[in-house]
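S.K.: File name work.cif; file contents mmCIF, N, CA and C atoms; full text below.
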data_start
#
loop_
_atom_site.label_atom_id
_atom_site.label_comp_id
_atom_site.auth_asym_id
_atom_site.auth_seq_id
_atom_site.Cartn_x
_atom_site.Cartn_y
_atom_site.Cartn_z
N MET N 1 1.65 -19.79 -48.92
CA MET N 1 2.38 -19.24 -47.78
C MET N 1 1.39 -19.07 -46.63
N LYS N 2 1.79 -19.49 -45.45
CA LYS N 2 0.96 -19.37 -44.27
C LYS N 2 0.96 -17.93 -43.77
N PHE N 3 -0.07 -17.60 -42.98
CA PHE N 3 -0.20 -16.23 -42.48
C PHE N 3 1.04 -15.79 -41.72
N ASN N 4 1.55 -16.65 -40.82
CA ASN N 4 2.70 -16.26 -40.02
C ASN N 4 3.92 -15.95 -40.89
N GLU N 5 4.11 -16.76 -41.92
CA GLU N 5 5.24 -16.52 -42.83
C GLU N 5 5.03 -15.23 -43.62
N LYS N 6 3.79 -15.01 -44.03
CA LYS N 6 3.47 -13.80 -44.79
C LYS N 6 3.69 -12.56 -43.94
N LEU N 7 3.22 -12.59 -42.69
CA LEU N 7 3.39 -11.45 -41.80
C LEU N 7 4.87 -11.15 -41.56
N LEU N 8 5.65 -12.19 -41.31
CA LEU N 8 7.09 -12.03 -41.10
C LEU N 8 7.74 -11.40 -42.33
N SER N 9 7.40 -11.91 -43.50
CA SER N 9 7.96 -11.41 -44.75
C SER N 9 7.60 -9.94 -44.97
N ILE N 10 6.33 -9.61 -44.78
CA ILE N 10 5.88 -8.23 -45.01
C ILE N 10 6.55 -7.29 -44.02
N ARG N 11 6.61 -7.70 -42.77
CA ARG N 11 7.23 -6.85 -41.74
C ARG N 11 8.69 -6.58 -42.07
N LYS N 12 9.40 -7.63 -42.47
CA LYS N 12 10.82 -7.45 -42.79
C LYS N 12 11.02 -6.59 -44.04
N LYS N 13 10.14 -6.76 -45.04
CA LYS N 13 10.23 -5.93 -46.25
C LYS N 13 10.04 -4.45 -45.92
N GLN N 14 9.18 -4.19 -44.94
CA GLN N 14 8.93 -2.80 -44.52
C GLN N 14 10.05 -2.27 -43.62
N GLY N 15 10.94 -3.16 -43.18
CA GLY N 15 12.04 -2.76 -42.31
C GLY N 15 11.59 -2.45 -40.89
N LEU N 16 10.55 -3.13 -40.44
CA LEU N 16 10.01 -2.89 -39.11
C LEU N 16 10.48 -3.97 -38.13
N SER N 17 10.66 -3.57 -36.90
CA SER N 17 10.93 -4.56 -35.85
C SER N 17 9.57 -5.03 -35.30
N GLN N 18 9.60 -6.11 -34.56
CA GLN N 18 8.37 -6.58 -33.92
C GLN N 18 7.84 -5.52 -32.96
N GLU N 19 8.74 -4.86 -32.29
CA GLU N 19 8.37 -3.80 -31.34
C GLU N 19 7.64 -2.66 -32.05
N GLU N 20 8.18 -2.23 -33.19
CA GLU N 20 7.56 -1.13 -33.93
C GLU N 20 6.18 -1.50 -34.45
N LEU N 21 6.06 -2.70 -34.99
CA LEU N 21 4.76 -3.15 -35.50
C LEU N 21 3.77 -3.29 -34.35
N GLY N 22 4.25 -3.81 -33.23
CA GLY N 22 3.39 -3.94 -32.06
C GLY N 22 2.87 -2.60 -31.58
N MET N 23 3.72 -1.59 -31.60
CA MET N 23 3.29 -0.25 -31.18
C MET N 23 2.22 0.29 -32.13
N GLU N 24 2.37 0.04 -33.42
CA GLU N 24 1.37 0.50 -34.40
C GLU N 24 0.02 -0.17 -34.18
N LEU N 25 0.05 -1.45 -33.80
CA LEU N 25 -1.19 -2.23 -33.64
C LEU N 25 -1.69 -2.24 -32.20
N GLU N 26 -0.94 -1.58 -31.30
CA GLU N 26 -1.28 -1.51 -29.89
C GLU N 26 -1.30 -2.90 -29.24
N VAL N 27 -0.28 -3.70 -29.58
CA VAL N 27 -0.08 -5.00 -28.95
C VAL N 27 1.40 -5.10 -28.57
N SER N 28 1.74 -6.09 -27.80
CA SER N 28 3.13 -6.24 -27.36
C SER N 28 3.98 -6.89 -28.45
N ARG N 29 5.28 -6.76 -28.28
CA ARG N 29 6.22 -7.41 -29.18
C ARG N 29 6.04 -8.92 -29.13
N GLN N 30 5.73 -9.43 -27.92
CA GLN N 30 5.54 -10.87 -27.75
C GLN N 30 4.35 -11.37 -28.55
N THR N 31 3.31 -10.54 -28.66
CA THR N 31 2.14 -10.91 -29.45
C THR N 31 2.51 -11.04 -30.92
N ILE N 32 3.27 -10.08 -31.43
CA ILE N 32 3.74 -10.14 -32.83
C ILE N 32 4.58 -11.39 -33.02
N SER N 33 5.44 -11.68 -32.06
CA SER N 33 6.29 -12.86 -32.13
C SER N 33 5.45 -14.14 -32.20
N LYS N 34 4.39 -14.22 -31.40
CA LYS N 34 3.52 -15.39 -31.43
C LYS N 34 2.81 -15.51 -32.77
N TRP N 35 2.37 -14.39 -33.34
CA TRP N 35 1.73 -14.43 -34.66
C TRP N 35 2.71 -14.96 -35.70
N GLU N 36 3.94 -14.45 -35.65
CA GLU N 36 4.93 -14.84 -36.64
C GLU N 36 5.40 -16.28 -36.45
N ALA N 37 5.33 -16.77 -35.22
CA ALA N 37 5.73 -18.16 -34.95
C ALA N 37 4.58 -19.13 -35.22
N GLY N 38 3.40 -18.59 -35.50
CA GLY N 38 2.24 -19.44 -35.75
C GLY N 38 1.64 -20.01 -34.47
N GLN N 39 1.97 -19.42 -33.33
CA GLN N 39 1.44 -19.89 -32.06
C GLN N 39 0.05 -19.35 -31.78
N SER N 40 -0.27 -18.21 -32.36
CA SER N 40 -1.61 -17.63 -32.23
C SER N 40 -1.86 -16.75 -33.45
N TYR N 41 -3.10 -16.25 -33.54
CA TYR N 41 -3.47 -15.43 -34.69
C TYR N 41 -4.15 -14.16 -34.19
N PRO N 42 -4.02 -13.09 -34.96
CA PRO N 42 -4.67 -11.84 -34.56
C PRO N 42 -6.19 -11.96 -34.67
N ASP N 43 -6.88 -11.16 -33.84
CA ASP N 43 -8.33 -11.11 -33.96
C ASP N 43 -8.68 -10.28 -35.20
N PHE N 44 -9.97 -10.22 -35.51
CA PHE N 44 -10.39 -9.56 -36.75
C PHE N 44 -10.00 -8.09 -36.77
N GLN N 45 -10.16 -7.41 -35.64
CA GLN N 45 -9.81 -5.99 -35.56
C GLN N 45 -8.34 -5.78 -35.91
N ARG N 46 -7.47 -6.63 -35.38
CA ARG N 46 -6.04 -6.50 -35.66
C ARG N 46 -5.73 -6.84 -37.12
N LEU N 47 -6.47 -7.81 -37.69
CA LEU N 47 -6.27 -8.12 -39.11
C LEU N 47 -6.59 -6.91 -39.97
N VAL N 48 -7.67 -6.21 -39.64
CA VAL N 48 -8.04 -5.00 -40.39
C VAL N 48 -6.95 -3.94 -40.22
N MET N 49 -6.47 -3.79 -38.98
CA MET N 49 -5.40 -2.81 -38.73
C MET N 49 -4.14 -3.18 -39.52
N LEU N 50 -3.81 -4.48 -39.55
CA LEU N 50 -2.65 -4.93 -40.32
C LEU N 50 -2.82 -4.62 -41.81
N SER N 51 -3.98 -4.94 -42.34
CA SER N 51 -4.20 -4.71 -43.77
C SER N 51 -4.15 -3.22 -44.09
N ASP N 52 -4.71 -2.39 -43.22
CA ASP N 52 -4.63 -0.94 -43.44
C ASP N 52 -3.19 -0.45 -43.34
N TYR N 53 -2.47 -0.92 -42.34
CA TYR N 53 -1.11 -0.47 -42.13
C TYR N 53 -0.20 -0.85 -43.30
N PHE N 54 -0.36 -2.07 -43.81
CA PHE N 54 0.47 -2.53 -44.92
C PHE N 54 -0.14 -2.20 -46.28
N ASN N 55 -1.27 -1.48 -46.26
CA ASN N 55 -1.94 -1.06 -47.49
C ASN N 55 -2.27 -2.27 -48.37
N MET N 56 -2.89 -3.27 -47.76
CA MET N 56 -3.28 -4.49 -48.46
C MET N 56 -4.76 -4.75 -48.20
N THR N 57 -5.38 -5.54 -49.04
CA THR N 57 -6.73 -5.98 -48.74
C THR N 57 -6.63 -7.13 -47.74
N LEU N 58 -7.74 -7.38 -47.06
CA LEU N 58 -7.76 -8.52 -46.14
C LEU N 58 -7.51 -9.82 -46.90
N ASP N 59 -8.06 -9.89 -48.10
CA ASP N 59 -7.88 -11.09 -48.91
C ASP N 59 -6.39 -11.34 -49.19
N GLU N 60 -5.68 -10.29 -49.56
CA GLU N 60 -4.24 -10.43 -49.82
C GLU N 60 -3.49 -10.87 -48.56
N LEU N 61 -3.93 -10.34 -47.44
CA LEU N 61 -3.24 -10.62 -46.19
C LEU N 61 -3.47 -12.05 -45.72
N VAL N 62 -4.68 -12.56 -45.85
CA VAL N 62 -4.99 -13.86 -45.27
C VAL N 62 -5.18 -14.97 -46.31
N LYS N 63 -4.99 -14.66 -47.57
CA LYS N 63 -5.18 -15.69 -48.60
C LYS N 63 -4.24 -16.87 -48.33
N ASP N 64 -4.75 -18.05 -48.58
CA ASP N 64 -4.03 -19.31 -48.36
C ASP N 64 -3.83 -19.65 -46.88
N VAL N 65 -4.58 -19.01 -46.01
CA VAL N 65 -4.49 -19.32 -44.58
C VAL N 65 -5.40 -20.51 -44.29
N ASP N 66 -4.89 -21.45 -43.52
CA ASP N 66 -5.67 -22.61 -43.11
C ASP N 66 -6.57 -22.19 -41.93
N PHE N 67 -7.84 -21.93 -42.23
CA PHE N 67 -8.73 -21.41 -41.20
C PHE N 67 -9.05 -22.43 -40.12
N GLN N 68 -8.97 -23.70 -40.43
CA GLN N 68 -9.18 -24.71 -39.39
C GLN N 68 -8.07 -24.61 -38.35
N ASP N 69 -6.85 -24.37 -38.81
CA ASP N 69 -5.72 -24.19 -37.91
C ASP N 69 -5.94 -22.96 -37.03
N VAL N 70 -6.45 -21.88 -37.64
CA VAL N 70 -6.73 -20.64 -36.89
C VAL N 70 -7.77 -20.92 -35.81
N ARG N 71 -8.84 -21.63 -36.17
CA ARG N 71 -9.90 -21.93 -35.20
C ARG N 71 -9.34 -22.75 -34.03
N GLU N 72 -8.53 -23.76 -34.34
CA GLU N 72 -7.97 -24.61 -33.29
C GLU N 72 -7.06 -23.81 -32.35
N LYS N 73 -6.22 -22.94 -32.92
CA LYS N 73 -5.32 -22.15 -32.08
C LYS N 73 -6.11 -21.17 -31.22
N ASN N 74 -7.14 -20.53 -31.80
CA ASN N 74 -7.95 -19.59 -31.03
C ASN N 74 -8.71 -20.32 -29.93
N LEU N 75 -9.19 -21.53 -30.22
CA LEU N 75 -9.90 -22.31 -29.21
C LEU N 75 -8.96 -22.66 -28.07
N THR N 76 -7.72 -23.02 -28.40
CA THR N 76 -6.73 -23.31 -27.37
C THR N 76 -6.46 -22.07 -26.52
N ASP N 77 -6.32 -20.91 -27.17
CA ASP N 77 -6.10 -19.67 -26.44
C ASP N 77 -7.27 -19.37 -25.51
N GLU N 78 -8.49 -19.62 -25.98
CA GLU N 78 -9.67 -19.38 -25.16
C GLU N 78 -9.67 -20.32 -23.95
N LYS N 79 -9.28 -21.58 -24.16
CA LYS N 79 -9.24 -22.53 -23.04
C LYS N 79 -8.22 -22.08 -22.01
N VAL N 80 -7.05 -21.66 -22.46
CA VAL N 80 -6.01 -21.20 -21.54
C VAL N 80 -6.50 -19.98 -20.78
N SER N 81 -7.15 -19.05 -21.48
CA SER N 81 -7.68 -17.85 -20.82
C SER N 81 -8.74 -18.23 -19.80
N SER N 82 -9.58 -19.18 -20.14
CA SER N 82 -10.63 -19.63 -19.22
C SER N 82 -10.02 -20.26 -17.97
N ILE N 83 -9.02 -21.09 -18.16
CA ILE N 83 -8.34 -21.72 -17.02
C ILE N 83 -7.69 -20.65 -16.14
N PHE N 84 -7.05 -19.67 -16.77
CA PHE N 84 -6.41 -18.60 -16.02
C PHE N 84 -7.45 -17.82 -15.21
N ARG N 85 -8.60 -17.51 -15.82
CA ARG N 85 -9.66 -16.79 -15.10
C ARG N 85 -10.17 -17.62 -13.92
N ASP N 86 -10.33 -18.93 -14.13
CA ASP N 86 -10.79 -19.81 -13.05
C ASP N 86 -9.79 -19.84 -11.90
N VAL N 87 -8.51 -19.90 -12.22
CA VAL N 87 -7.48 -19.92 -11.19
C VAL N 87 -7.49 -18.59 -10.43
N GLN N 88 -7.61 -17.48 -11.16
CA GLN N 88 -7.67 -16.17 -10.52
C GLN N 88 -8.87 -16.07 -9.58
N TYR N 89 -10.02 -16.56 -10.04
CA TYR N 89 -11.23 -16.54 -9.21
C TYR N 89 -11.02 -17.39 -7.95
N GLY N 90 -10.41 -18.55 -8.10
CA GLY N 90 -10.13 -19.41 -6.96
C GLY N 90 -9.20 -18.73 -5.96
N LYS N 91 -8.17 -18.05 -6.46
CA LYS N 91 -7.24 -17.34 -5.58
C LYS N 91 -7.97 -16.23 -4.82
N GLU N 92 -8.81 -15.48 -5.53
CA GLU N 92 -9.54 -14.39 -4.88
C GLU N 92 -10.49 -14.94 -3.82
N THR N 93 -11.17 -16.03 -4.13
CA THR N 93 -12.10 -16.64 -3.17
C THR N 93 -11.36 -17.12 -1.94
N LEU N 94 -10.24 -17.81 -2.15
CA LEU N 94 -9.44 -18.29 -1.02
C LEU N 94 -8.93 -17.13 -0.18
N SER N 95 -8.51 -16.07 -0.84
CA SER N 95 -8.01 -14.89 -0.14
C SER N 95 -9.12 -14.28 0.71
N ASN N 96 -10.33 -14.20 0.17
CA ASN N 96 -11.46 -13.65 0.94
C ASN N 96 -11.80 -14.53 2.13
N ILE N 97 -11.80 -15.85 1.93
CA ILE N 97 -12.07 -16.77 3.04
C ILE N 97 -11.02 -16.62 4.12
N TRP N 98 -9.76 -16.51 3.72
CA TRP N 98 -8.67 -16.35 4.68
C TRP N 98 -8.84 -15.05 5.48
N ARG N 99 -9.21 -13.96 4.81
CA ARG N 99 -9.43 -12.69 5.50
C ARG N 99 -10.54 -12.81 6.54
N ILE N 100 -11.65 -13.43 6.15
CA ILE N 100 -12.78 -13.60 7.07
C ILE N 100 -12.36 -14.44 8.28
N ALA N 101 -11.63 -15.52 8.04
CA ALA N 101 -11.15 -16.38 9.13
C ALA N 101 -10.24 -15.60 10.07
N CYS N 102 -9.36 -14.77 9.51
CA CYS N 102 -8.46 -13.97 10.33
C CYS N 102 -9.24 -12.96 11.17
N ILE N 103 -10.24 -12.33 10.57
CA ILE N 103 -11.05 -11.35 11.31
C ILE N 103 -11.76 -12.03 12.47
N PHE N 104 -12.39 -13.20 12.23
CA PHE N 104 -13.05 -13.92 13.31
C PHE N 104 -12.05 -14.33 14.39
N GLY N 105 -10.88 -14.77 13.98
CA GLY N 105 -9.85 -15.15 14.95
C GLY N 105 -9.43 -13.98 15.81
N ILE N 106 -9.27 -12.82 15.20
CA ILE N 106 -8.88 -11.62 15.95
C ILE N 106 -9.98 -11.22 16.92
N ILE N 107 -11.24 -11.30 16.46
CA ILE N 107 -12.36 -10.95 17.34
C ILE N 107 -12.39 -11.88 18.56
N ILE N 108 -12.24 -13.17 18.34
CA ILE N 108 -12.24 -14.14 19.45
C ILE N 108 -11.07 -13.86 20.40
N LEU N 109 -9.90 -13.59 19.84
CA LEU N 109 -8.73 -13.28 20.66
C LEU N 109 -8.96 -12.03 21.50
N LEU N 110 -9.57 -11.00 20.90
CA LEU N 110 -9.86 -9.77 21.64
C LEU N 110 -10.86 -10.02 22.77
N LEU N 111 -11.88 -10.85 22.50
CA LEU N 111 -12.85 -11.17 23.55
C LEU N 111 -12.20 -11.91 24.71
N VAL N 112 -11.34 -12.87 24.41
CA VAL N 112 -10.62 -13.61 25.46
C VAL N 112 -9.75 -12.65 26.27
N CYS N 113 -9.03 -11.77 25.58
CA CYS N 113 -8.16 -10.80 26.26
C CYS N 113 -8.99 -9.85 27.13
N ALA N 114 -10.13 -9.39 26.60
CA ALA N 114 -10.99 -8.49 27.37
C ALA N 114 -11.51 -9.20 28.61
N GLY N 115 -11.88 -10.46 28.50
CA GLY N 115 -12.33 -11.24 29.66
C GLY N 115 -11.24 -11.38 30.69
N PHE N 116 -10.04 -11.64 30.25
CA PHE N 116 -8.91 -11.79 31.17
C PHE N 116 -8.63 -10.48 31.90
N ILE N 117 -8.64 -9.39 31.16
CA ILE N 117 -8.39 -8.07 31.77
C ILE N 117 -9.50 -7.72 32.76
N ALA N 118 -10.75 -8.03 32.37
CA ALA N 118 -11.88 -7.77 33.28
C ALA N 118 -11.72 -8.59 34.56
N HIS N 119 -11.28 -9.82 34.46
CA HIS N 119 -11.06 -10.68 35.63
C HIS N 119 -9.98 -10.09 36.54
N LEU N 120 -8.92 -9.54 35.94
CA LEU N 120 -7.85 -8.93 36.74
C LEU N 120 -8.31 -7.65 37.41
N LEU N 121 -9.12 -6.84 36.71
CA LEU N 121 -9.56 -5.56 37.26
C LEU N 121 -10.69 -5.72 38.29
N PHE N 122 -11.56 -6.69 38.10
CA PHE N 122 -12.73 -6.86 38.97
C PHE N 122 -12.81 -8.30 39.49
N PRO N 123 -11.86 -8.73 40.29
CA PRO N 123 -11.86 -10.13 40.74
C PRO N 123 -12.96 -10.43 41.77
N ASN N 124 -13.52 -9.43 42.44
CA ASN N 124 -14.47 -9.67 43.51
C ASN N 124 -15.94 -9.57 43.09
N ILE N 125 -16.24 -9.30 41.89
CA ILE N 125 -17.63 -9.21 41.43
C ILE N 125 -18.13 -10.62 41.16
N GLU N 126 -19.02 -11.08 42.06
CA GLU N 126 -19.46 -12.47 41.98
C GLU N 126 -20.33 -12.76 40.76
N TRP N 127 -21.20 -11.84 40.38
CA TRP N 127 -22.11 -12.12 39.27
C TRP N 127 -21.37 -12.17 37.93
N LEU N 128 -20.17 -11.54 37.88
CA LEU N 128 -19.38 -11.57 36.65
C LEU N 128 -18.61 -12.87 36.51
N TRP N 129 -18.21 -13.45 37.65
CA TRP N 129 -17.43 -14.67 37.62
C TRP N 129 -18.16 -15.75 38.42
N VAL N 130 -18.84 -16.60 37.75
CA VAL N 130 -19.57 -17.67 38.41
C VAL N 130 -18.61 -18.81 38.67
N THR N 131 -18.43 -19.16 39.93
CA THR N 131 -17.57 -20.28 40.28
C THR N 131 -18.34 -21.22 41.19
N LYS N 132 -18.10 -22.49 41.12
CA LYS N 132 -18.81 -23.47 41.94
C LYS N 132 -17.82 -24.32 42.69
#
Would you mind writing the file out in structure tokens?
M.R.:
Amino acid sequence: MKFNEKLLSIRKKQGLSQEELGMELEVSRQTISKWEAGQSYPDFQRLVMLSDYFNMTLDELVKDVDFQDVREKNLTDEKVSSIFRDVQYGKETLSNIWRIACIFGIIILLLVCAGFIAHLLFPNIEWLWVTK
């Protein structure tokens, strides 16, 4: 029996919902659902928590688990997390660049406006307005 099938079976025997088990393990219902669907696997800390909660040894809980499959799924999760972090970093960098560009644009606009107002207020000051 695979880990996901075993977890589903044990949870149902205990009469627990995914939500209830998630609350006990401090994870979301969606995380429990992914474990039971075989889309991902719990980390070691959660495995220990599961074994304690169900009063089983780790060996009983994970026996017959294909560890190569676990490694591949965890590697995929790590890649997705890495891509997500890279995208977040790119968004933050672009946002910072945009803010800096806006600040410079506002400063230039204020300088142009100040020059125009100065020209209107002091049109006769020759040294301020060089014309040829």
S.K.: Could you tell me which of N:Val87, N:Leu94, N:Leu61, N:Ala118 comes closest to Lys6 (chain N) if we count all atoms listed in the file?
M.R.: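 When distances to Lys6 (chain N) are compared using all atoms listed in the file, the smallest one comes from N:Leu61.
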S.K.: CA of Met23 (chain N) and CA of Leu8 (chain N) are how many Å apart?
M.R.: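 One can read the CA of Met23 (chain N) to CA of Leu8 (chain N) distance as 15.9 Å.
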S.K.: Report the residues of chain N whose backbone DSSP state falls under helix (DSSP H, G or I), written as a VMD selection string.
M.R.: chain N and resid 3 to 13 18 to 25 29 to 37 44 to 53 58 to 62 67 to 121
S.K.: Calculate how many Å separate atom C of Leu25 (chain N) from CA of Arg46 (chain N), rounding to one decimal.
M.R.: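 Atom C of Leu25 (chain N) sits 7.0 Å away from CA of Arg46 (chain N).
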S.K.: Using only C-alpha atoms for the distances, tell me which of N:Phe54, N:Ile97, N:Glu126, N:Asp59 is nearest to Ser9 (chain N).
M.R.: N:Phe54
